[in-house]
file structure21.json (JSON, C-alpha atoms)
[["chain", "number", "residue", "atom", "x", "y", "z"],
["B", 104, "MET", "CA", 119.66, 134.81, 88.97],
["B", 105, "GLY", "CA", 122.96, 133.00, 88.67],
["B", 106, "ASN", "CA", 125.19, 130.95, 86.48],
["B", 107, "ALA", "CA", 125.35, 127.21, 85.88],
["B", 108, "LEU", "CA", 128.10, 125.25, 87.54],
["B", 109, "GLY", "CA", 128.66, 121.64, 86.49],
["B", 110, "ILE", "CA", 129.92, 119.49, 89.35],
["B", 111, "SER", "CA", 129.31, 116.00, 88.01],
["B", 112, "THR", "CA", 128.32, 114.22, 84.84],
["B", 113, "LEU", "CA", 124.86, 113.57, 86.24],
["B", 114, "PHE", "CA", 123.54, 117.08, 86.80],
["B", 115, "THR", "CA", 124.24, 120.78, 86.56],
["B", 116, "VAL", "CA", 123.88, 123.12, 89.51],
["B", 117, "GLU", "CA", 122.28, 126.54, 89.22],
["B", 118, "VAL", "CA", 124.16, 129.05, 91.36],
["B", 119, "LEU", "CA", 122.09, 131.70, 93.14],
["B", 120, "ASP", "CA", 123.88, 134.87, 94.08],
["B", 121, "ARG", "CA", 123.48, 136.24, 97.58],
["B", 122, "SER", "CA", 121.05, 138.97, 96.54],
["B", 123, "THR", "CA", 118.70, 136.25, 95.30],
["B", 124, "TRP", "CA", 118.87, 133.54, 97.94],
["B", 125, "VAL", "CA", 118.97, 135.68, 101.09],
["B", 126, "PRO", "CA", 115.50, 137.23, 100.44],
["B", 127, "ARG", "CA", 114.10, 133.76, 99.77],
["B", 128, "ALA", "CA", 115.53, 132.47, 103.03],
["B", 129, "GLU", "CA", 114.17, 135.47, 104.94],
["B", 130, "ALA", "CA", 110.74, 135.14, 103.34],
["B", 131, "HIS", "CA", 110.58, 131.48, 104.32],
["B", 132, "ALA", "CA", 111.52, 132.25, 107.93],
["B", 133, "ALA", "CA", 108.89, 134.99, 108.14],
["B", 134, "ARG", "CA", 106.27, 132.67, 106.67],
["B", 135, "VAL", "CA", 106.74, 129.89, 109.22],
["B", 136, "ASP", "CA", 107.37, 132.25, 112.15],
["B", 137, "ALA", "CA", 103.64, 133.03, 112.15],
["B", 138, "PHE", "CA", 103.11, 129.44, 113.29],
["B", 139, "LEU", "CA", 106.30, 128.94, 115.28],
["B", 140, "ARG", "CA", 106.20, 131.93, 117.60],
["B", 141, "PRO", "CA", 102.91, 131.06, 119.37],
["B", 142, "HIS", "CA", 104.07, 127.46, 119.80],
["B", 143, "LEU", "CA", 107.45, 128.50, 121.23],
["B", 144, "ALA", "CA", 105.76, 130.98, 123.57],
["B", 145, "ARG", "CA", 103.44, 128.23, 124.84],
["B", 146, "ARG", "CA", 106.39, 125.89, 125.29],
["B", 147, "GLU", "CA", 108.25, 128.52, 127.28],
["B", 148, "ALA", "CA", 105.19, 129.05, 129.48],
["B", 149, "GLY", "CA", 104.55, 125.33, 129.92],
["B", 150, "ALA", "CA", 101.17, 125.62, 128.21],
["B", 151, "LYS", "CA", 99.71, 123.13, 125.73],
["B", 152, "HIS", "CA", 97.38, 123.47, 122.76],
["B", 153, "PRO", "CA", 95.68, 120.21, 121.67],
["B", 154, "VAL", "CA", 95.36, 121.38, 118.07],
["B", 155, "HIS", "CA", 98.21, 123.73, 117.17],
["B", 156, "ASP", "CA", 101.02, 121.94, 119.00],
["B", 157, "PHE", "CA", 100.42, 118.67, 117.14],
["B", 158, "LEU", "CA", 102.68, 119.32, 114.15],
["B", 159, "PHE", "CA", 105.57, 120.15, 116.48],
["B", 160, "THR", "CA", 105.12, 117.33, 118.99],
["B", 161, "TYR", "CA", 103.91, 114.42, 116.86],
["B", 162, "TYR", "CA", 106.29, 114.95, 113.95],
["B", 163, "SER", "CA", 110.06, 114.91, 114.45],
["B", 164, "HIS", "CA", 110.88, 118.14, 112.57],
["B", 165, "ARG", "CA", 111.97, 120.70, 115.12],
["B", 166, "PRO", "CA", 110.97, 124.37, 114.86],
["B", 167, "ALA", "CA", 114.55, 125.42, 114.06],
["B", 168, "GLN", "CA", 114.67, 122.87, 111.24],
["B", 169, "LEU", "CA", 111.40, 124.09, 109.77],
["B", 170, "ARG", "CA", 112.62, 127.67, 109.89],
["B", 171, "ARG", "CA", 115.87, 126.97, 108.05],
["B", 172, "TRP", "CA", 115.57, 127.47, 104.31],
["B", 173, "HIS", "CA", 117.04, 125.04, 101.77],
["B", 174, "PRO", "CA", 117.10, 125.65, 98.00],
["B", 175, "GLY", "CA", 116.95, 121.95, 97.14],
["B", 176, "TYR", "CA", 119.24, 119.67, 95.20],
["B", 177, "GLY", "CA", 120.58, 121.15, 91.98],
["B", 178, "VAL", "CA", 120.87, 124.69, 93.37],
["B", 179, "ALA", "CA", 124.01, 126.18, 94.93],
["B", 180, "LEU", "CA", 124.23, 129.24, 97.15],
["B", 181, "ALA", "CA", 127.04, 131.64, 96.41],
["B", 182, "LEU", "CA", 128.93, 133.17, 99.36],
["B", 183, "ALA", "CA", 127.13, 130.86, 101.81],
["B", 184, "THR", "CA", 130.03, 128.86, 103.21],
["B", 185, "ALA", "CA", 129.68, 130.56, 106.58],
["B", 186, "ARG", "CA", 126.04, 129.47, 106.63],
["B", 187, "ILE", "CA", 127.01, 125.83, 106.18],
["B", 188, "GLY", "CA", 130.52, 125.59, 107.59],
["B", 189, "GLY", "CA", 130.52, 124.52, 111.21],
["B", 190, "SER", "CA", 126.74, 124.30, 111.34],
["B", 191, "GLY", "CA", 126.58, 120.55, 110.91],
["B", 192, "LEU", "CA", 123.92, 120.75, 108.22],
["B", 193, "LYS", "CA", 123.50, 117.34, 106.68],
["B", 194, "GLY", "CA", 123.97, 116.71, 103.01],
["B", 195, "TYR", "CA", 125.88, 119.82, 101.92],
["B", 196, "GLU", "CA", 129.27, 120.26, 100.31],
["B", 197, "VAL", "CA", 131.33, 123.27, 99.24],
["B", 198, "VAL", "CA", 132.02, 123.54, 95.51],
["B", 199, "ALA", "CA", 133.84, 126.51, 93.95],
["B", 200, "ASP", "CA", 132.99, 129.01, 96.69],
["B", 201, "ALA", "CA", 129.34, 127.94, 96.83],
["B", 202, "VAL", "CA", 127.42, 125.35, 98.86],
["B", 203, "THR", "CA", 125.07, 122.75, 97.48],
["B", 204, "VAL", "CA", 123.46, 119.45, 98.44],
["B", 205, "SER", "CA", 125.91, 116.76, 97.42],
["B", 206, "SER", "CA", 125.20, 114.00, 94.94],
["B", 207, "ASP", "CA", 126.67, 111.53, 97.42],
["B", 208, "TYR", "CA", 124.03, 112.52, 99.95],
["B", 209, "VAL", "CA", 121.23, 112.10, 97.42],
["B", 210, "ALA", "CA", 122.57, 108.66, 96.50],
["B", 211, "SER", "CA", 122.61, 107.69, 100.19],
["B", 212, "GLN", "CA", 118.88, 108.50, 100.40],
["B", 213, "ARG", "CA", 117.84, 106.16, 97.60],
["B", 214, "PRO", "CA", 115.93, 103.69, 99.87],
["B", 215, "LEU", "CA", 113.88, 106.58, 101.27],
["B", 216, "LEU", "CA", 113.25, 107.99, 97.80],
["B", 217, "VAL", "CA", 112.07, 104.64, 96.45],
["B", 218, "ALA", "CA", 109.75, 104.04, 99.42],
["B", 219, "LEU", "CA", 108.24, 107.53, 99.37],
["B", 220, "HIS", "CA", 107.78, 107.47, 95.62],
["B", 221, "ARG", "CA", 105.92, 104.17, 95.85],
["B", 222, "LEU", "CA", 103.68, 105.43, 98.65],
["B", 223, "LEU", "CA", 102.91, 108.79, 97.02],
["B", 224, "ARG", "CA", 102.08, 107.37, 93.60],
["B", 225, "ALA", "CA", 100.02, 104.50, 95.01],
["B", 226, "THR", "CA", 97.98, 106.82, 97.24],
["B", 227, "ALA", "CA", 97.35, 109.21, 94.34],
["B", 228, "SER", "CA", 96.19, 106.39, 92.07],
["B", 229, "ARG", "CA", 93.57, 105.11, 94.52],
["B", 230, "PRO", "CA", 89.97, 106.45, 94.57],
["B", 231, "ALA", "CA", 89.22, 108.92, 97.34],
["B", 232, "ASN", "CA", 86.91, 107.67, 100.07],
["B", 233, "PHE", "CA", 84.79, 110.18, 101.96],
["B", 234, "GLY", "CA", 82.96, 107.80, 104.27],
["B", 235, "CYS", "CA", 85.12, 107.67, 107.40],
["B", 236, "PHE", "CA", 83.65, 110.82, 109.04],
["B", 237, "GLY", "CA", 86.64, 111.21, 111.34],
["B", 238, "MET", "CA", 85.76, 108.22, 113.49],
["B", 239, "HIS", "CA", 89.45, 107.50, 114.08],
["B", 240, "GLU", "CA", 89.59, 110.20, 116.77],
["B", 241, "TRP", "CA", 86.55, 108.70, 118.47],
["B", 242, "ALA", "CA", 88.12, 105.22, 118.38],
["B", 243, "MET", "CA", 91.15, 106.64, 120.19],
["B", 244, "VAL", "CA", 89.04, 107.33, 123.30],
["B", 245, "TYR", "CA", 86.58, 104.43, 123.06],
["B", 246, "ARG", "CA", 85.81, 102.97, 126.49],
["B", 247, "LEU", "CA", 88.35, 105.21, 128.19],
["B", 248, "PRO", "CA", 87.45, 107.30, 131.22],
["B", 249, "GLU", "CA", 87.81, 110.99, 130.37],
["B", 250, "GLU", "CA", 90.82, 111.44, 132.63],
["B", 251, "ARG", "CA", 92.78, 108.92, 130.55],
["B", 252, "THR", "CA", 92.24, 110.43, 127.12],
["B", 253, "ARG", "CA", 95.12, 112.00, 125.20],
["B", 254, "HIS", "CA", 93.73, 115.50, 125.80],
["B", 255, "ALA", "CA", 92.33, 114.97, 129.26],
["B", 256, "ALA", "CA", 92.28, 118.72, 129.97],
["B", 257, "TRP", "CA", 89.43, 118.99, 127.46],
["B", 258, "PRO", "CA", 86.09, 117.30, 128.10],
["B", 259, "LEU", "CA", 84.31, 114.95, 125.73],
["B", 260, "ARG", "CA", 81.32, 116.69, 124.16],
["B", 261, "LEU", "CA", 79.03, 113.70, 124.73],
["B", 262, "GLY", "CA", 80.76, 112.27, 127.79],
["B", 263, "SER", "CA", 82.32, 108.82, 127.86],
["B", 264, "ALA", "CA", 79.08, 106.85, 127.48],
["B", 265, "GLY", "CA", 77.82, 109.06, 124.66],
["B", 266, "THR", "CA", 81.14, 108.84, 122.85],
["B", 267, "ASP", "CA", 81.17, 105.05, 123.13],
["B", 268, "ALA", "CA", 77.63, 104.90, 121.74],
["B", 269, "VAL", "CA", 78.72, 106.89, 118.65],
["B", 270, "VAL", "CA", 81.60, 104.50, 118.00],
["B", 271, "GLU", "CA", 79.36, 101.47, 118.39],
["B", 272, "SER", "CA", 76.75, 102.88, 116.00],
["B", 273, "HIS", "CA", 79.21, 103.58, 113.17],
["B", 274, "ARG", "CA", 81.21, 101.49, 110.77],
["B", 275, "ILE", "CA", 84.84, 102.25, 111.63],
["B", 276, "ALA", "CA", 86.99, 102.12, 108.48],
["B", 277, "CYS", "CA", 90.43, 103.59, 109.10],
["B", 278, "SER", "CA", 93.14, 102.74, 106.56],
["B", 279, "HIS", "CA", 95.92, 104.84, 108.06],
["B", 280, "PHE", "CA", 98.29, 102.95, 110.34],
["B", 281, "ASP", "CA", 99.49, 105.98, 112.31],
["B", 282, "ALA", "CA", 95.90, 106.73, 113.29],
["B", 283, "TYR", "CA", 94.88, 103.11, 113.83],
["B", 284, "ARG", "CA", 97.81, 102.40, 116.15],
["B", 285, "PHE", "CA", 96.34, 104.88, 118.65],
["B", 286, "PHE", "CA", 92.97, 103.13, 118.78],
["B", 287, "THR", "CA", 92.12, 101.77, 122.21],
["B", 288, "PRO", "CA", 92.38, 97.99, 122.53],
["B", 289, "ALA", "CA", 88.60, 97.78, 122.62],
["B", 290, "ALA", "CA", 88.27, 99.78, 119.39],
["B", 291, "ARG", "CA", 90.76, 97.92, 117.24],
["B", 292, "PRO", "CA", 88.55, 94.88, 116.55],
["B", 293, "LEU", "CA", 85.81, 97.25, 115.37],
["B", 294, "ASN", "CA", 87.92, 98.54, 112.47],
["B", 295, "THR", "CA", 87.26, 96.99, 109.06],
["B", 296, "LEU", "CA", 91.01, 96.92, 108.35],
["B", 297, "SER", "CA", 94.13, 96.10, 110.34],
["B", 298, "PRO", "CA", 96.75, 98.40, 108.77],
["B", 299, "THR", "CA", 100.40, 97.93, 109.64],
["B", 300, "ALA", "CA", 103.56, 99.97, 109.19],
["B", 301, "HIS", "CA", 104.49, 97.78, 106.24],
["B", 302, "ASP", "CA", 101.38, 98.04, 104.05],
["B", 303, "ARG", "CA", 100.89, 101.80, 103.86],
["B", 304, "ALA", "CA", 101.33, 101.87, 100.08],
["B", 305, "ASP", "CA", 98.69, 99.17, 99.74],
["B", 306, "LEU", "CA", 96.04, 100.90, 101.83],
["B", 307, "GLU", "CA", 96.38, 104.69, 102.01],
["B", 308, "GLN", "CA", 93.90, 106.73, 100.02],
["B", 309, "PRO", "CA", 93.93, 110.42, 99.06],
["B", 310, "ALA", "CA", 90.95, 111.65, 101.09],
["B", 311, "CYS", "CA", 92.38, 110.47, 104.41],
["B", 312, "LEU", "CA", 93.09, 113.47, 106.62],
["B", 313, "HIS", "CA", 96.13, 111.84, 108.18],
["B", 314, "ALA", "CA", 97.54, 110.94, 104.77],
["B", 315, "GLY", "CA", 97.16, 114.62, 103.88],
["B", 316, "MET", "CA", 98.93, 115.74, 107.05],
["B", 317, "ASP", "CA", 101.70, 113.25, 106.39],
["B", 318, "LEU", "CA", 102.64, 115.09, 103.21],
["B", 319, "TYR", "CA", 104.41, 117.46, 105.58],
["B", 320, "LYS", "CA", 106.35, 114.52, 107.05],
["B", 321, "HIS", "CA", 107.29, 113.27, 103.59],
["B", 322, "ALA", "CA", 108.43, 116.76, 102.58],
["B", 323, "PHE", "CA", 110.68, 117.37, 105.58],
["B", 324, "ARG", "CA", 112.17, 113.89, 105.32],
["B", 325, "LEU", "CA", 113.30, 114.94, 101.84],
["B", 326, "SER", "CA", 115.09, 117.99, 103.24],
["B", 327, "PRO", "CA", 117.54, 119.39, 102.25],
["B", 328, "MET", "CA", 117.04, 117.76, 98.83],
["B", 329, "VAL", "CA", 113.81, 119.66, 98.12],
["B", 330, "ALA", "CA", 113.18, 123.38, 98.38],
["B", 331, "SER", "CA", 111.80, 124.57, 101.69],
["B", 332, "GLU", "CA", 108.89, 126.27, 99.96],
["B", 333, "LEU", "CA", 107.50, 122.78, 99.28],
["B", 334, "VAL", "CA", 107.95, 121.86, 102.93],
["B", 335, "ALA", "CA", 106.15, 125.04, 104.01],
["B", 336, "ASP", "CA", 103.29, 124.43, 101.57],
["B", 337, "SER", "CA", 102.86, 120.94, 103.02],
["B", 338, "PHE", "CA", 103.08, 122.29, 106.57],
["B", 339, "GLU", "CA", 100.31, 124.81, 105.98],
["B", 340, "LEU", "CA", 98.06, 122.12, 104.53],
["B", 341, "ALA", "CA", 98.75, 119.88, 107.54],
["B", 342, "TRP", "CA", 97.98, 122.78, 109.88],
["B", 343, "ASP", "CA", 94.56, 123.36, 108.34],
["B", 344, "ILE", "CA", 93.76, 119.65, 108.23],
["B", 345, "ARG", "CA", 94.61, 119.29, 111.90],
["B", 346, "VAL", "CA", 92.02, 121.94, 112.76],
["B", 347, "LEU", "CA", 89.28, 119.96, 111.01],
["B", 348, "ASP", "CA", 90.57, 116.72, 112.51],
["B", 349, "MET", "CA", 90.05, 118.07, 116.02],
["B", 350, "ARG", "CA", 86.85, 119.98, 115.29],
["B", 351, "ALA", "CA", 85.37, 116.64, 114.23],
["B", 352, "SER", "CA", 86.80, 114.84, 117.26],
["B", 353, "PRO", "CA", 84.79, 113.96, 120.37],
["B", 354, "TYR", "CA", 86.50, 116.72, 122.38],
["B", 355, "ASP", "CA", 84.76, 119.97, 123.33],
["B", 356, "LEU", "CA", 87.19, 122.65, 122.09],
["B", 357, "THR", "CA", 84.78, 125.58, 122.06],
["B", 358, "GLY", "CA", 86.98, 127.18, 124.73],
["B", 359, "LEU", "CA", 89.62, 127.52, 122.00],
["B", 360, "GLY", "CA", 87.15, 129.09, 119.60],
["B", 361, "LEU", "CA", 86.73, 125.87, 117.62],
["B", 362, "GLU", "CA", 83.12, 124.96, 116.97],
["B", 363, "PRO", "CA", 82.56, 121.21, 116.60],
["B", 364, "VAL", "CA", 81.77, 119.46, 113.36],
["B", 365, "ARG", "CA", 79.14, 117.15, 114.79],
["B", 366, "VAL", "CA", 79.92, 114.03, 112.79],
["B", 367, "GLU", "CA", 77.47, 112.04, 114.90],
["B", 368, "THR", "CA", 74.69, 113.84, 112.98],
["B", 369, "ALA", "CA", 73.72, 113.74, 109.29],
["B", 370, "GLU", "CA", 74.46, 117.45, 108.94],
["B", 371, "GLY", "CA", 77.87, 117.08, 110.53],
["B", 372, "LYS", "CA", 78.72, 114.16, 108.27],
["B", 373, "ALA", "CA", 77.85, 116.21, 105.19],
["B", 374, "GLU", "CA", 79.99, 119.13, 106.42],
["B", 375, "TYR", "CA", 82.91, 116.84, 107.22],
["B", 376, "ALA", "CA", 82.81, 115.09, 103.84],
["B", 377, "GLU", "CA", 82.71, 118.41, 101.99],
["B", 378, "ARG", "CA", 85.67, 119.80, 103.92],
["B", 379, "GLN", "CA", 87.49, 116.51, 103.45],
["B", 380, "ARG", "CA", 86.90, 116.78, 99.71],
["B", 381, "ARG", "CA", 88.43, 120.26, 99.63],
["B", 382, "PHE", "CA", 91.50, 119.06, 101.49],
["B", 383, "ALA", "CA", 91.88, 116.14, 99.10],
["B", 384, "GLU", "CA", 91.85, 118.65, 96.24],
["B", 385, "ARG", "CA", 94.52, 120.76, 97.96],
["B", 386, "ALA", "CA", 96.64, 117.72, 98.75],
["B", 387, "ALA", "CA", 96.64, 116.27, 95.22],
["B", 388, "PRO", "CA", 99.08, 118.76, 93.63],
["B", 389, "LEU", "CA", 101.39, 118.61, 96.67],
["B", 390, "ARG", "CA", 101.42, 114.83, 96.53],
["B", 391, "ALA", "CA", 102.22, 115.04, 92.81],
["B", 392, "ARG", "CA", 105.05, 117.54, 93.40],
["B", 393, "LEU", "CA", 106.60, 115.34, 96.06],
["B", 394, "GLY", "CA", 106.38, 112.32, 93.78],
["B", 395, "ASP", "CA", 107.99, 114.30, 90.97],
["B", 396, "GLU", "CA", 110.79, 115.35, 93.30],
["B", 397, "CYS", "CA", 111.43, 111.73, 94.22],
["B", 398, "GLU", "CA", 111.70, 110.87, 90.53],
["B", 399, "ARG", "CA", 114.03, 113.79, 89.87],
["B", 400, "LEU", "CA", 116.28, 112.84, 92.75],
["B", 401, "LEU", "CA", 116.34, 109.18, 91.79],
["B", 402, "ALA", "CA", 117.29, 110.13, 88.24],
["B", 403, "ALA", "CA", 120.13, 112.25, 89.62],
["B", 404, "THR", "CA", 121.64, 109.15, 91.20],
["B", 405, "GLY", "CA", 121.99, 107.67, 87.71],
["B", 406, "ASP", "CA", 119.20, 105.15, 88.19],
["B", 407, "VAL", "CA", 116.84, 105.71, 85.28],
["B", 408, "ARG", "CA", 114.62, 102.66, 85.73],
["B", 409, "PRO", "CA", 110.91, 103.46, 86.05],
["B", 410, "TYR", "CA", 109.50, 103.38, 89.57],
["B", 411, "GLU", "CA", 106.07, 101.83, 89.45],
["B", 412, "PRO", "CA", 103.59, 102.33, 92.28],
["B", 413, "ALA", "CA", 102.52, 99.51, 94.53],
["B", 414, "THR", "CA", 99.77, 97.23, 93.37],
["B", 415, "VAL", "CA", 96.65, 99.30, 93.88],
["B", 416, "ARG", "CA", 94.29, 97.70, 96.36],
["B", 417, "PRO", "CA", 90.91, 99.27, 97.09],
["B", 418, "THR", "CA", 90.35, 100.55, 100.58],
["B", 419, "VAL", "CA", 87.14, 100.69, 102.53],
["B", 420, "GLY", "CA", 87.72, 103.91, 104.37],
["B", 421, "ALA", "CA", 90.06, 106.65, 105.36]]

call {"tool": "encode", "arguments": {"input": "structure21.json", "output": "structure tokens"}}
result
Amino acid sequence: MGNALGISTLFTVEVLDRSTWVPRAEAHAARVDAFLRPHLARREAGAKHPVHDFLFTYYSHRPAQLRRWHPGYGVALALATARIGGSGLKGYEVVADAVTVSSDYVASQRPLLVALHRLLRATASRPANFGCFGMHEWAMVYRLPEERTRHAAWPLRLGSAGTDAVVESHRIACSHFDAYRFFTPAARPLNTLSPTAHDRADLEQPACLHAGMDLYKHAFRLSPMVASELVADSFELAWDIRVLDMRASPYDLTGLGLEPVRVETAEGKAEYAERQRRFAERAAPLRARLGDECERLLAATGDVRPYEPATVRPTVGA
């Protein structure tokens, strides 16, 4: 596999020889290409997909960034200076004919590491809530004419009046700020919470679909300090969650081969909650791995104080 190369008093780097790291990099690229190629083809053709384009348009990680493989902090790549030199890749340094993420870069990311660690641990420690039934997507189109919705090319299954009636007949309980901020002005007062960008760690809970998708965001924000396999694992979870998110939305996406989860019915609610439960189970180990990585990286900066989660407050929905 490689030999150990000490480059500071705080950690030891494992050096991967070229015959080891090149196949890993190629395998990662092949893995994500299955998702990237259709998106890039649509982009070239000027076409849009309301479900599968989301992870590339809503999140800031570009396709080329997702495709590039990183071994993570504490691992060096032998004979890889050409890969790094001149490429402008953030965070790397050359040490003894190998490249590795620098300890200075990790230290510079301490505020991010502290904030993410707090959010991840607090979310994991909170009970899962399976009672939101995906009403956040409905609240995003409440009292809007169909031509003004985010995906206006796709009709509302129940029409505008029918969609509004569903919102008005349900208790809206969204705890996720990045979903709530897209509510229509008329829908916001209907929510049982008023989440903000500053209280995520106090409100997010592990069954929330958007909190599950955001594990991908947390993972790529930790690049190149974490291995790209963790980023890809989080991406694939987010991809699958997004499909359920839109199947349970008010849009009619049957033209894309996506049958609706009719959350306005008792049967649809039961199906949604069960699928939501499965995603919460898939997200839990990824959330734990990301939290562990934050702790490892914080320890590498020489700060060994414990990082306690935020005060756990109960939430009333996802």

call {"tool": "atom_distance", "arguments": {"input": "structure21.json", "atom1": "CA of Arg381 in chain B", "atom2": "CA of Ala276 in chain B"}}
result
20.2 Å

call {"tool": "atom_distance", "arguments": {"input": "structure21.json", "atom1": "CA of Pro258 in chain B", "atom2": "CA of Tyr354 in chain B"}}
result
5.8 Å

call {"tool": "atom_distance", "arguments": {"input": "structure21.json", "atom1": "CA of Glu396 in chain B", "atom2": "CA of Leu340 in chain B"}}
result
18.3 Å

call {"tool": "closest_residue", "arguments": {"input": "structure21.json", "among": "B:Ala181, B:Trp124, B:His239, B:Gly175", "to": "Ala290 in chain B", "atoms": "all atoms listed in the file"}}
result
B:His239

call {"tool": "axis_aligned_box", "arguments": {"input": "structure21.json", "around": "range 300-304 of chain B", "padding_each_side": "4 Å", "output": "lines of an AutoDock Vina configuration file"}}
result
center_x = 102.7
center_y = 99.8
center_z = 104.6
size_x = 11.6
size_y = 12.1
size_z = 17.1

call {"tool": "closest_residue", "arguments": {"input": "structure21.json", "among": "B:Pro214, B:Gly315, B:Gly149, B:Gly265", "to": "Leu389 in chain B", "atoms": "only C-alpha atoms"}}
result
B:Gly315

call {"tool": "closest_residue", "arguments": {"input": "structure21.json", "among": "B:Phe138, B:Asp302, B:Gly405, B:Lys320", "to": "Val209 in chain B", "atoms": "only C-alpha atoms"}}
result
B:Gly405

call {"tool": "decode", "arguments": {"input": "structure21.json", "residues": "range 192-198 of chain B", "atoms": "all heavy atoms", "output": "short mmCIF file (atom, residue, chain, number, x, y, z; two decimals), in the first residue's frame"}}
result
data_model
loop_
_atom_site.label_atom_id
_atom_site.label_comp_id
_atom_site.auth_asym_id
_atom_site.auth_seq_id
_atom_site.Cartn_x
_atom_site.Cartn_y
_atom_site.Cartn_z
N LEU B 192 -5.44 23.27 -7.21
CA LEU B 192 -6.24 22.55 -6.22
C LEU B 192 -5.97 23.10 -4.83
O LEU B 192 -4.82 23.19 -4.41
CB LEU B 192 -5.91 21.05 -6.26
CG LEU B 192 -6.41 20.27 -7.47
CD1 LEU B 192 -6.06 18.80 -7.31
CD2 LEU B 192 -7.90 20.44 -7.66
N LYS B 193 -7.03 23.44 -4.15
CA LYS B 193 -6.87 24.05 -2.83
C LYS B 193 -6.40 23.02 -1.82
O LYS B 193 -6.73 21.84 -1.88
CB LYS B 193 -8.21 24.63 -2.36
CG LYS B 193 -9.29 23.59 -2.08
CD LYS B 193 -10.57 24.23 -1.59
CE LYS B 193 -11.62 23.14 -1.29
NZ LYS B 193 -12.90 23.74 -0.83
N GLY B 194 -5.59 23.49 -0.88
CA GLY B 194 -5.29 22.70 0.30
C GLY B 194 -4.10 21.76 0.21
O GLY B 194 -3.71 21.19 1.23
N TYR B 195 -3.51 21.57 -0.96
CA TYR B 195 -2.45 20.59 -1.11
C TYR B 195 -1.06 21.22 -0.97
O TYR B 195 -0.87 22.41 -1.20
CB TYR B 195 -2.54 19.91 -2.47
CG TYR B 195 -3.57 18.80 -2.54
CD1 TYR B 195 -4.88 19.07 -2.94
CD2 TYR B 195 -3.24 17.50 -2.22
CE1 TYR B 195 -5.83 18.06 -3.01
CE2 TYR B 195 -4.17 16.48 -2.29
CZ TYR B 195 -5.47 16.77 -2.68
OH TYR B 195 -6.40 15.77 -2.74
N GLU B 196 -0.11 20.37 -0.63
CA GLU B 196 1.29 20.75 -0.62
C GLU B 196 2.12 19.56 -1.09
O GLU B 196 1.66 18.41 -1.04
CB GLU B 196 1.75 21.17 0.77
CG GLU B 196 1.70 20.06 1.81
CD GLU B 196 2.18 20.53 3.17
OE1 GLU B 196 2.70 21.67 3.26
OE2 GLU B 196 2.05 19.76 4.14
N VAL B 197 3.32 19.83 -1.57
CA VAL B 197 4.24 18.78 -2.00
C VAL B 197 5.22 18.51 -0.88
O VAL B 197 5.84 19.42 -0.34
CB VAL B 197 5.00 19.20 -3.27
CG1 VAL B 197 5.99 18.11 -3.69
CG2 VAL B 197 4.01 19.50 -4.40
N VAL B 198 5.33 17.24 -0.51
CA VAL B 198 6.25 16.82 0.56
C VAL B 198 6.98 15.57 0.09
O VAL B 198 6.36 14.53 -0.17
CB VAL B 198 5.50 16.52 1.87
CG1 VAL B 198 6.48 16.07 2.95
CG2 VAL B 198 4.72 17.74 2.34
#
